[in-house]
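Content type compact mmCIF, C-alpha atoms, from the file run.txt:
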# COMPACT_ATOMS: atom_id res chain seq x y z
CA MET O 1 3.07 14.96 -4.74
CA ALA O 2 0.63 12.03 -4.83
CA GLU O 3 3.49 9.66 -5.53
CA HIS O 4 5.23 10.16 -2.17
CA PRO O 5 3.09 7.71 -0.14
CA SER O 6 3.53 5.11 -2.89
CA PHE O 7 7.30 5.45 -2.89
CA THR O 8 7.39 5.37 0.92
CA LEU O 9 5.37 2.14 1.02
CA ALA O 10 7.49 0.78 -1.85
CA VAL O 11 10.48 0.97 0.49
CA LEU O 12 8.82 -0.07 3.77
CA LEU O 13 6.87 -3.12 2.57
CA PRO O 14 9.80 -5.05 1.05
CA ALA O 15 11.91 -4.23 4.11
CA GLY O 16 9.16 -5.60 6.34
CA GLY O 17 8.71 -8.67 4.15
CA ILE O 18 12.41 -9.43 4.27
CA ALA O 19 12.50 -8.89 8.04
CA GLY O 20 9.49 -11.20 8.46
CA TYR O 21 11.17 -13.85 6.36
CA LEU O 22 14.45 -13.64 8.26
CA ARG O 23 12.72 -13.75 11.63
CA THR O 24 10.11 -16.46 11.04
CA LYS O 25 11.05 -18.00 7.66
CA SER O 26 7.66 -16.85 6.35
CA ALA O 27 7.79 -17.03 2.55
CA PRO O 28 4.32 -15.40 2.20
CA SER O 29 5.63 -12.34 4.08
CA LEU O 30 8.55 -12.08 1.71
CA ILE O 31 6.45 -12.56 -1.43
CA ALA O 32 3.70 -10.18 -0.33
CA GLY O 33 6.09 -7.50 0.90
CA VAL O 34 8.25 -7.50 -2.19
CA GLY O 35 5.29 -7.89 -4.56
CA LEU O 36 3.30 -5.03 -3.06
CA GLY O 37 6.45 -2.94 -2.81
CA VAL O 38 7.14 -3.34 -6.52
CA SER O 39 3.52 -2.58 -7.34
CA TYR O 40 3.57 0.55 -5.17
CA ALA O 41 6.82 1.65 -6.86
CA TYR O 42 5.19 1.25 -10.27
CA SER O 43 2.10 3.17 -9.19
CA GLY O 44 4.34 5.93 -7.82
CA TYR O 45 6.15 6.06 -11.16
CA LEU O 46 2.82 6.31 -13.01
CA LEU O 47 1.65 9.08 -10.71
CA LYS O 48 4.91 11.01 -11.03
CA GLN O 49 4.77 10.82 -14.84
CA ASN O 50 1.02 11.74 -14.89
CA LYS O 51 0.26 8.52 -16.72
CA ASP O 52 -3.02 6.65 -16.68
CA TYR O 53 -4.07 4.30 -13.87
CA GLY O 54 -1.49 5.41 -11.28
CA SER O 55 -4.08 6.38 -8.68
CA GLU O 56 -6.19 3.31 -9.46
CA LEU O 57 -3.22 0.98 -8.96
CA ALA O 58 -2.21 2.72 -5.74
CA LEU O 59 -5.79 2.47 -4.49
CA GLY O 60 -5.94 -1.23 -5.35
CA ASN O 61 -2.63 -1.84 -3.57
CA SER O 62 -3.90 0.02 -0.51
CA VAL O 63 -7.13 -1.96 -0.36
CA LEU O 64 -5.13 -5.18 -0.70
CA LEU O 65 -2.79 -4.10 2.11
CA LEU O 66 -5.71 -3.21 4.36
CA GLY O 67 -7.59 -6.41 3.50
CA SER O 68 -4.61 -8.60 4.26
CA ALA O 69 -3.96 -6.89 7.61
CA VAL O 70 -7.49 -7.13 9.02
CA PRO O 71 -7.52 -10.94 9.51
CA ARG O 72 -4.12 -10.76 11.23
CA ILE O 73 -5.33 -7.99 13.53
CA ILE O 74 -8.38 -10.08 14.45
CA LYS O 75 -6.27 -13.22 14.91
CA THR O 76 -3.83 -11.52 17.31
CA LYS O 77 -6.66 -9.64 19.05
CA ALA O 78 -4.93 -6.33 18.22
CA ARG O 79 -1.91 -7.07 20.40
CA ALA O 80 0.78 -7.43 17.75
CA PRO O 81 2.30 -4.16 16.51
CA ILE O 82 3.13 -5.27 12.96
CA PRO O 83 -0.44 -6.13 11.87
CA LEU O 84 -1.65 -2.91 13.49
CA PHE O 85 0.96 -0.90 11.57
CA LEU O 86 0.05 -2.64 8.31
CA GLY O 87 -3.65 -2.06 8.93
CA ALA O 88 -3.16 1.61 9.80
CA SER O 89 -0.91 2.12 6.77
CA GLY O 90 -3.42 0.38 4.53
CA LEU O 91 -6.33 2.39 5.92
CA LEU O 92 -4.54 5.73 5.57
CA ALA O 93 -3.32 4.91 2.07
CA THR O 94 -6.79 3.71 1.04
CA VAL O 95 -8.41 6.94 2.21
CA TYR O 96 -5.68 9.06 0.60
CA TYR O 97 -5.73 7.32 -2.75
CA PHE O 98 -9.52 7.14 -2.85
CA ARG O 99 -9.56 10.91 -2.50
CA LYS O 100 -6.88 11.24 -5.19
CA PHE O 101 -8.79 8.88 -7.46
CA ARG O 102 -11.95 10.99 -7.08
CA GLU O 103 -9.95 14.16 -7.65
CA PHE O 104 -8.27 12.86 -10.80
CA ARG O 105 -11.33 11.12 -12.19
CA TYR O 106 -14.15 13.50 -11.32
CA GLY O 107 -12.43 16.77 -10.40
CA VAL O 108 -13.97 16.74 -6.92
Would you kindly transcribe this structure into structure tokens?
Amino acid sequence: MAEHPSFTLAVLLPAGGIAGYLRTKSAPSLIAGVGLGVSYAYSGYLLKQNKDYGSELALGNSVLLLGSAVPRIIKTKARAPIPLFLGASGLLATVYYFRKFREFRYGV
């Protein structure tokens, strides 16, 4: 069950990166969206197979997503919907995977 958010973000992030590239010709959007999407897909695979480091990778991806969205939210003064969506997704995924990490690692 812990793999569902990873697989969802693995689909949404590349789609958003491609849309950002097509709309503004932003290569960083394309690279980041596809790169994080692939990484989320791999973490979802690890989680589904109960292999090591799935929750850690998903947590790292989530922190990276949140960290990359915060400067854009500040820059647009919270008026643009895309950075807000990325920030909210990153925050929710970070909280979720931090809890999963603690659960897997420490049994809490």
So what do you get for atom CA of Gly107 of chain O versus atom CA of Met1 of chain O, distance-wise?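 One can read the atom CA of Gly107 of chain O to atom CA of Met1 of chain O distance as 16.6 Å.
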Find the residues with any atom within 12 Å of (-8.4, 3.9, -13.3); use only C-alpha atoms and the coordinates as given in the file, and write the answer as a ChimeraX atom specification. /O:43,46-47,51-60,97-98,100-106
Please produce an output containing C-alpha atoms for each residue in the selection, written as a short mmCIF file (atom, residue, chain, number, x, y, z; two decimals), keeping the file's coordinate frame.
data_model
loop_
_atom_site.label_atom_id
_atom_site.label_comp_id
_atom_site.auth_asym_id
_atom_site.auth_seq_id
_atom_site.Cartn_x
_atom_site.Cartn_y
_atom_site.Cartn_z
CA SER O 43 2.10 3.17 -9.19
CA LEU O 46 2.82 6.31 -13.01
CA LEU O 47 1.65 9.08 -10.71
CA LYS O 51 0.26 8.52 -16.72
CA ASP O 52 -3.02 6.65 -16.68
CA TYR O 53 -4.07 4.30 -13.87
CA GLY O 54 -1.49 5.41 -11.28
CA SER O 55 -4.08 6.38 -8.68
CA GLU O 56 -6.19 3.31 -9.46
CA LEU O 57 -3.22 0.98 -8.96
CA ALA O 58 -2.21 2.72 -5.74
CA LEU O 59 -5.79 2.47 -4.49
CA GLY O 60 -5.94 -1.23 -5.35
CA TYR O 97 -5.73 7.32 -2.75
CA PHE O 98 -9.52 7.14 -2.85
CA LYS O 100 -6.88 11.24 -5.19
CA PHE O 101 -8.79 8.88 -7.46
CA ARG O 102 -11.95 10.99 -7.08
CA GLU O 103 -9.95 14.16 -7.65
CA PHE O 104 -8.27 12.86 -10.80
CA ARG O 105 -11.33 11.12 -12.19
CA TYR O 106 -14.15 13.50 -11.32
#
Would you list the contacts of Gly87 of chain O as a list in words, taking every protein, DNA or RNA residue within 12 Å and counting only C-alpha atoms, but skipping same-chain residues closer than 5 positions in sequence?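 The filter keeps Ser62, Val63, Leu64, Leu65, Leu66, Gly67, Ser68, Ala69, Val70, Pro71, Arg72, Ile73, Ile74, Ala78, Ala80, Pro81, Ile82, Leu92, Ala93 and Thr94 of chain O.
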Interatomic distance between atom CA of Tyr21 of chain O and atom CA of Gly33 of chain O?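 Answer for the atom CA of Tyr21 of chain O to atom CA of Gly33 of chain O separation: 9.8 Å.
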Check the smallest atom-to-atom distance from each of O:Pro83, O:Glu3, O:Tyr45, O:Tyr96 to Gly20 of chain O using only C-alpha atoms, then report the winner.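 Going through O:Pro83, O:Glu3, O:Tyr45, O:Tyr96 one by one, the smallest distance to Gly20 of chain O is for O:Pro83.
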Identify, on the basis of all atoms listed in the file, every residue whose closest approach to segment 7-19 of chain O does not exceed 6 Å; exclude the query and any residue fewer than 2 positions from it along the same chain; express the result as a PyMOL selection string. chain O and resi 4-5+21-22+29-30+33-34+37+40-41+44
Between atom CA of Ser6 of chain O and atom CA of Ser89 of chain O - distance in Å to one decimal: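 Distance reported for this atom pair: 11.0 Å.
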Pick out the closest residue to Leu36 of chain O from this set: O:Val95, O:Leu84, O:Arg79, O:Asn61. Count only C-alpha atoms.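 Ranked by minimum distance to Leu36 of chain O, first place goes to O:Asn61.
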